[in-house]
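Accompanying notes for the structure given below.
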There are 2 protein chains.
Amino acid sequence: MADLSIDVVAKAAGVHRSTVSRAFSRPEAVKSETREHILKVAEGLGYTMSPLAQALRTKTSTFVPLIVPDITNPFFAELAKTMTQAADERGYQLLLCVTNGDPAKTEGYFTAMQAMYAPFGIVAPSTKVDTDALKRFDFGHRVVVIDRVEGDSSVPTVTVDSRRGIVLALEHLRSLGHTSIGYVSGISGTHTAQDRMDAYLELSAEGSSTPLVLDSGSDPDAGARAAKHFLEMENPPTAIIAANDMVAFAVISALGQGGIRVPEDVSVMGFDGLALGSRFNPPLTTVRQPIADMGNIAIELAEKQNLNGSVDHVVLEPELLVRASTSGPRK
Amino acid sequence: MADLSIDVVAKAAGVHRSTVSRAFSRPEAVKSETREHILKVAEGLGYTMSPLAQALRTKTSTFVPLIVPDITNPFFAELAKTMTQAADERGYQLLLCVTNGDPAKTEGYFTAMQAMYAPFGIVAPSTKVDTDALKRFDFGHRVVVIDRVEGDSSVPTVTVDSRRGIVLALEHLRSLGHTSIGYVSGISGTHTAQDRMDAYLELSAEGSSTPLVLDSGSDPDAGARAAKHFLEMENPPTAIIAANDMVAFAVISALGQGGIRVPEDVSVMGFDGLALGSRFNPPLTTVRQPIADMGNIAIELAEKQNLNGSVDHVVLEPELLVRASTSGPRK
DNA sequence: CTGAAAGCGCTTACAG
DNA sequence: CTGAAAGCGCTTACAG
């Protein structure tokens with residue numbers, strides 16, 4: 001495999017390199033016979049264009065970074081999976097960038113993506129996005145955020161209606177006969193997390209049940225603490241809503257270690273709709289976010305903004321997913 | 001942010017661009033005063049070199065692809081996480097490439113990486129790697145595989161001692177008093193999967209217990225089928241080893257839906273040591289693979305091969321991780 | 001419709 | 001130790 005460049009194809013096809021370039025990049029600008037001949041020769045040689053050289057020359061590439069805090073979190077993994085495909089279908093190459101929550105890393109990725117001539121990027125944050133900080137980077141002007149954003153409406157966003165999700169959860173639980181419904185935050189950085197909690201607080205008050213937050217921490221041990229709290233209560237709630245599926249898993253696990261069974265002793269719901277939930281013990285009832293849609297829409301929003309500067313804020317509908325972790329209250 | 005290039009830095013610093021280049025890439029080749037001056041000017045301007053242009057010119061980059069079948073599988077997610085950091089520390093940028101099991105995609109990544117002048121790559125396969133197919137690509141000669149490999153020992157590999165892991169699992173279960181121990185394959189593509197199964201078959205025969213494979217499929221429903229099988233047996237085993245943690249989750253979930261409790265009614269072990277296992281219900285007893293070590297070593301092996309052509313095959317020791325999904329046999 | 005030339009942002013022998 | 005020149009693999013006005 002000697003180094004194949006546009007010039008060797010040009011020579012082999014008996015044309016000038018600019019014609020080869022056009023045959024690939026602007027096919028309509030070259031006579032069809034010439035084009036077909038060139039393409040055939042190129043194929044025979046096993047030639048493909050160098051994206052590096054193309055990017056350098058045109059100052060635009062097809063690399064689209066997806067910046068996530070933690071790929072080990074199944075929510076982001078599922079997002080990455082669907083976005084890889086969505087990007088592919090549109091001719092982009094998704095570059096997964098994992099920050100592990102380190103803001104310095106995020107900035108590093110921003111300058112790197114700038115240098116790679118990425119046309120735009122997607123960020124799924126773990127904290128409320130500071131749009132001012134974002135815009136200190138050139139690249140920050142071409143980013144869509146998978147969360148709500150405050151104050152500044154100039155960055156495109158896509159989220160799920162958090163309040164509606166909590167309504168769905170509460171309705172489900174109440175229809176089962178629950179009146180005492182607790183909440184475990186478990187996450188707290190994003191607006192999404194905040195919105196879920198706020199909605200719970202507000203809606204349970206409206207429903208004339210007293211809000212009961214078992215834990216509001218945001219570390220991985222929140223689930224365990226919530227379970228401990230539950231076990232120590234005289235009148236524990238008969239159902240629990242967890243701020244997301246991962247927290248629900250942790251709660252159920254810790255509860256189980258304490259001898260409490262789900263859903264026999266207490267119902268537990270999650271929020272996210274992870275595939276993993278269907279194989280949990282018990283399979284998790286949850287509010288599904290349309291993760292695949294979010295990924296597709298994020299890319300569309302980015303393209304739109306890139307094209308004509310339009311900035312959209314899309315809010316998707318969540319959906320109740322009843323599995324086995326909820327049932328009527330005990331007794 | 002006007003476009004910053006080496007030439008604008010050169011002008012601002014009053015030197016030739018080649019000197020700027022050296023100040024960054026071969027600092028010892030330039031007088032220290034000059035260098036410091038250049039670096040200061042560059043910093044003031046907010047200049048960093050274009051990795052694209054560098055790669056194009058030197059025909060080598062710092063992009064290191066990690067090719068995995070499915071990022072949604074926590075094993076690969078954890079691998080990706082530790083490898084991102086390992087790569088970073090060595091000055092590489094990990095590029096996550098997800099094939100979704102599509103061989104065509106793998107080939108696509110290979111040619112893309114070739115085009116990106118990646119110095120080498122890491123592949124975590126979902127099937128037995130065909131080294132001949134691998135080597136049809138130039139890039140295939142600079143790849144390390146996270147699995148065993150057959151026949152051809154010219155590609156560096158890193159794995160865990162599968163047999164040893166099964167020994168650990170069997171010993172643990174037997175020490176608890178189990179004599180009837182079933183197995184669920186759940187995965188089957190890789191040598192690793194094969195080796196685990198073979199070891200189980202061989203070692204349970206040696207231990208004079210009859211091997212009992214509840215399911216040998218490799219799809220996501222293997223766990224459910226195994227549970228069904230279990231429920232239909234007259235004399236079901238008192239313990240089950242699952243080929244990996246994800247399968248163990250599915251088995252426990254399906255068993256739970258069938259009214260069987262773990263570990264009260266049957267003990268279940270996994271294999272992998274995923275972080276997720278500690279938050280399963282019940283927390284999963286398993287054989288831990290040193291995933292972080294695997295990642296680090298994979299990169300080291302790649303570097304070594306790249307440097308002096310040496311090819312190593314590293315086999316790591318697994319470790320028993322006792323949590324709550326195993327106990328003595330019932331009654 | 002095709003070719004010749006200039007240039008994207010770098011590096012590296014080669015002189016001096 | 002530093003500069004001038006050629007070139008990595010492309011694209012795109014500009015001619016013809």
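Identifiers in the structure tokens: chain A, B, ... in order shown; residue index from 1 per chain; ligand index from 1 in order shown.
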
DSSP-assigned strand (DSSP E) members of stretch 99-284 of chain B, reported as number ranges by chain: B: 121-123, 143-145, 157-160, 181-184, 212-215, 239-242, 267-269

Within 8 Å of chain A, which residues of chain D show up? Give each one with its shortest atom-to-atom distance in Å (one decimal) and the two atoms involved, counting only C-alpha atoms (C1' of nucleotides), rows by chain then rising residue number, as CSV.
residue,atom,partner,partner_atom,distance
D:DG9,C1',A:Ala53,CA,5.1
D:DC10,C1',A:Ala53,CA,4.9
D:DT11,C1',A:Arg57,CA,6.2

Restricted to N, CA and C atoms (P, O5', C5', C4', C3', O3' and C1' of nucleotides), what would the selected residues look like written as a PDB file, in the first residue's frame?
ATOM      1  P    DG D   9       0.978  12.648   0.595  1.00  0.00           P
ATOM      2  O5'  DG D   9      -0.501  13.210   0.470  1.00  0.00           O
ATOM      3  C5'  DG D   9      -1.371  13.104   1.582  1.00  0.00           C
ATOM      4  C4'  DG D   9      -2.587  13.947   1.322  1.00  0.00           C
ATOM      5  C3'  DG D   9      -3.258  13.689  -0.027  1.00  0.00           C
ATOM      6  O3'  DG D   9      -4.658  13.588   0.203  1.00  0.00           O
ATOM      7  C1'  DG D   9      -2.850  15.983   0.242  1.00  0.00           C
ATOM      8  P    DC D  10      -5.714  13.164  -0.897  1.00  0.00           P
ATOM      9  O5'  DC D  10      -6.842  14.233  -0.598  1.00  0.00           O
ATOM     10  C5'  DC D  10      -7.200  15.202  -1.513  1.00  0.00           C
ATOM     11  C4'  DC D  10      -7.338  16.532  -0.818  1.00  0.00           C
ATOM     12  C3'  DC D  10      -8.163  17.525  -1.600  1.00  0.00           C
ATOM     13  O3'  DC D  10      -9.482  17.491  -1.122  1.00  0.00           O
ATOM     14  C1'  DC D  10      -6.121  18.516  -0.811  1.00  0.00           C
ATOM     15  P    DT D  11     -10.674  17.996  -2.029  1.00  0.00           P
ATOM     16  O5'  DT D  11     -10.444  19.580  -2.045  1.00  0.00           O
ATOM     17  C5'  DT D  11     -10.704  20.324  -0.878  1.00  0.00           C
ATOM     18  C4'  DT D  11     -10.641  21.797  -1.208  1.00  0.00           C
ATOM     19  C3'  DT D  11     -11.685  22.252  -2.218  1.00  0.00           C
ATOM     20  O3'  DT D  11     -12.138  23.522  -1.761  1.00  0.00           O
ATOM     21  C1'  DT D  11      -9.529  22.789  -3.018  1.00  0.00           C
TER      22       DT D  11
END

Please report as CSV every residue of chain A lying within 8 Å of chain B, along with the nearest atom pair and their distance in Å (one decimal), using only C-alpha atoms.
residue,atom,partner,partner_atom,distance
A:Met1,CA,B:Asp138,CA,7.1
A:Ser50,CA,B:Ala115,CA,5.7
A:Pro51,CA,B:Ala115,CA,7.1
A:Leu52,CA,B:Leu52,CA,5.9
A:Ala53,CA,B:Leu56,CA,6.7
A:Ala55,CA,B:Leu52,CA,7.9
A:Leu56,CA,B:Ala53,CA,6.7
A:Asp70,CA,B:Lys81,CA,7.7
A:Ile71,CA,B:Ala77,CA,5.9
A:Thr72,CA,B:Ala77,CA,5.1
A:Pro74,CA,B:Thr72,CA,6.4
A:Ala77,CA,B:Thr72,CA,5.1
A:Glu78,CA,B:Thr72,CA,5.7
A:Ala80,CA,B:Ile71,CA,7.7
A:Lys81,CA,B:Ile71,CA,6.6
A:Thr84,CA,B:Val98,CA,7.7
A:Leu95,CA,B:Leu95,CA,6.5
A:Leu96,CA,B:Leu96,CA,6.1
A:Val98,CA,B:Thr84,CA,7.7
A:Ala115,CA,B:Ser50,CA,5.7
A:Met116,CA,B:Leu52,CA,6.5
A:Asp138,CA,B:Met1,CA,7.3
A:Phe249,CA,B:Arg279,CA,6.3
A:Ala250,CA,B:Arg279,CA,5.0
A:Ile252,CA,B:Asn281,CA,6.6
A:Ser253,CA,B:Asn281,CA,4.4
A:Ala254,CA,B:Arg279,CA,7.5
A:Gly256,CA,B:Asn281,CA,6.4
A:Gln257,CA,B:Pro282,CA,7.0
A:Arg279,CA,B:Ala250,CA,5.0
A:Phe280,CA,B:Ser253,CA,5.4
A:Asn281,CA,B:Ser253,CA,4.4
A:Pro282,CA,B:Ser253,CA,5.9
A:Pro283,CA,B:Ser253,CA,6.8

By how many Å are atom CA of B:Glu319 and atom CA of B:Asp272 apart?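 Computing the Euclidean distance for atom CA of B:Glu319 and atom CA of B:Asp272 yields 9.5 Å.
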
Can you pull out the residues contacting A:Gln194? Cut-off 9 Å, using only C-alpha atoms (C1' of nucleotides), and skip same-chain residues under 6 positions away; I want them as a ChimeraX atom specification. /A:185,187-188

Provide the atom CA of A:Val20 to atom C1' of D:DG16 distance in Å, to one decimal place. 18.8 Å

Per-residue DSSP, stretch 39-91 of chain B, filtered to helix (DSSP H, G or I), as an mmCIF file with N, CA and C atoms, in the first residue's frame:
data_model
loop_
_atom_site.group_PDB
_atom_site.id
_atom_site.type_symbol
_atom_site.label_atom_id
_atom_site.label_comp_id
_atom_site.auth_asym_id
_atom_site.auth_seq_id
_atom_site.Cartn_x
_atom_site.Cartn_y
_atom_site.Cartn_z
ATOM 1 N N LEU B 39 7.395 31.362 22.800
ATOM 2 C CA LEU B 39 6.317 30.746 23.565
ATOM 3 C C LEU B 39 5.452 31.805 24.237
ATOM 4 N N LYS B 40 6.119 32.841 24.733
ATOM 5 C CA LYS B 40 5.369 33.901 25.401
ATOM 6 C C LYS B 40 4.454 34.615 24.406
ATOM 7 N N VAL B 41 5.010 34.951 23.278
ATOM 8 C CA VAL B 41 4.218 35.614 22.240
ATOM 9 C C VAL B 41 3.027 34.736 21.831
ATOM 10 N N ALA B 42 3.322 33.470 21.632
ATOM 11 C CA ALA B 42 2.274 32.536 21.213
ATOM 12 C C ALA B 42 1.165 32.480 22.260
ATOM 13 N N GLU B 43 1.588 32.367 23.486
ATOM 14 C CA GLU B 43 0.609 32.311 24.561
ATOM 15 C C GLU B 43 -0.263 33.558 24.604
ATOM 16 N N GLY B 44 0.397 34.701 24.450
ATOM 17 C CA GLY B 44 -0.339 35.959 24.450
ATOM 18 C C GLY B 44 -1.394 35.991 23.351
ATOM 19 N N LEU B 45 -1.034 35.378 22.236
ATOM 20 C CA LEU B 45 -1.949 35.370 21.100
ATOM 21 C C LEU B 45 -3.019 34.275 21.249
ATOM 22 N N PRO B 51 -3.201 20.324 14.988
ATOM 23 C CA PRO B 51 -2.863 18.902 14.910
ATOM 24 C C PRO B 51 -3.100 18.350 13.503
ATOM 25 N N LEU B 52 -4.058 18.931 12.822
ATOM 26 C CA LEU B 52 -4.352 18.502 11.462
ATOM 27 C C LEU B 52 -3.153 18.719 10.552
ATOM 28 N N ALA B 53 -2.675 19.938 10.577
ATOM 29 C CA ALA B 53 -1.550 20.283 9.710
ATOM 30 C C ALA B 53 -0.318 19.473 10.099
ATOM 31 N N GLN B 54 -0.132 19.316 11.402
ATOM 32 C CA GLN B 54 1.011 18.524 11.856
ATOM 33 C C GLN B 54 0.920 17.093 11.346
ATOM 34 N N ALA B 55 -0.267 16.530 11.489
ATOM 35 C CA ALA B 55 -0.446 15.137 11.069
ATOM 36 C C ALA B 55 -0.200 14.997 9.571
ATOM 37 N N LEU B 56 -0.712 15.947 8.838
ATOM 38 C CA LEU B 56 -0.583 15.885 7.387
ATOM 39 C C LEU B 56 0.886 15.926 6.982
ATOM 40 N N ARG B 57 1.600 16.779 7.669
ATOM 41 C CA ARG B 57 3.000 16.965 7.302
ATOM 42 C C ARG B 57 3.881 15.800 7.774
ATOM 43 N N THR B 58 3.678 15.372 9.013
ATOM 44 C CA THR B 58 4.585 14.362 9.576
ATOM 45 C C THR B 58 4.087 12.947 9.316
ATOM 46 N N PRO B 74 -21.677 -1.975 29.564
ATOM 47 C CA PRO B 74 -20.840 -1.337 30.582
ATOM 48 C C PRO B 74 -19.388 -1.811 30.597
ATOM 49 N N PHE B 75 -19.156 -3.026 30.159
ATOM 50 C CA PHE B 75 -17.765 -3.474 30.118
ATOM 51 C C PHE B 75 -16.960 -2.583 29.185
ATOM 52 N N PHE B 76 -17.493 -2.337 28.017
ATOM 53 C CA PHE B 76 -16.774 -1.501 27.056
ATOM 54 C C PHE B 76 -16.759 -0.037 27.498
ATOM 55 N N ALA B 77 -17.829 0.365 28.170
ATOM 56 C CA ALA B 77 -17.868 1.740 28.671
ATOM 57 C C ALA B 77 -16.764 1.951 29.707
ATOM 58 N N GLU B 78 -16.614 0.983 30.587
ATOM 59 C CA GLU B 78 -15.567 1.133 31.604
ATOM 60 C C GLU B 78 -14.181 1.089 30.963
ATOM 61 N N LEU B 79 -14.052 0.230 29.974
ATOM 62 C CA LEU B 79 -12.785 0.164 29.252
ATOM 63 C C LEU B 79 -12.484 1.507 28.587
ATOM 64 N N ALA B 80 -13.491 2.055 27.950
ATOM 65 C CA ALA B 80 -13.324 3.344 27.267
ATOM 66 C C ALA B 80 -12.933 4.431 28.259
ATOM 67 N N LYS B 81 -13.561 4.385 29.406
ATOM 68 C CA LYS B 81 -13.281 5.408 30.404
ATOM 69 C C LYS B 81 -11.821 5.364 30.859
ATOM 70 N N THR B 82 -11.372 4.183 31.231
ATOM 71 C CA THR B 82 -10.000 4.113 31.731
ATOM 72 C C THR B 82 -9.000 4.359 30.602
ATOM 73 N N MET B 83 -9.367 3.933 29.397
ATOM 74 C CA MET B 83 -8.419 4.128 28.299
ATOM 75 C C MET B 83 -8.326 5.580 27.854
ATOM 76 N N THR B 84 -9.425 6.301 27.987
ATOM 77 C CA THR B 84 -9.380 7.724 27.658
ATOM 78 C C THR B 84 -8.292 8.388 28.488
ATOM 79 N N GLN B 85 -8.310 8.057 29.766
ATOM 80 C CA GLN B 85 -7.335 8.665 30.652
ATOM 81 C C GLN B 85 -5.917 8.160 30.375
ATOM 82 N N ALA B 86 -5.807 6.859 30.194
ATOM 83 C CA ALA B 86 -4.489 6.285 29.924
ATOM 84 C C ALA B 86 -3.886 6.923 28.676
ATOM 85 N N ALA B 87 -4.698 7.097 27.676
ATOM 86 C CA ALA B 87 -4.231 7.706 26.424
ATOM 87 C C ALA B 87 -3.789 9.143 26.680
ATOM 88 N N ASP B 88 -4.652 9.863 27.347
ATOM 89 C CA ASP B 88 -4.357 11.246 27.699
ATOM 90 C C ASP B 88 -3.003 11.409 28.365
ATOM 91 N N GLU B 89 -2.774 10.576 29.345
ATOM 92 C CA GLU B 89 -1.537 10.685 30.112
ATOM 93 C C GLU B 89 -0.299 10.470 29.256
#

Spatial neighbours of D:DT2, max dist 10 Å, only C-alpha atoms (C1' of nucleotides), sep filter under 6 positions, as a count of residues only: 7

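A straight line drawn from atom CA of B:Leu321 to atom CA of B:His191 is 22.8 Å long.
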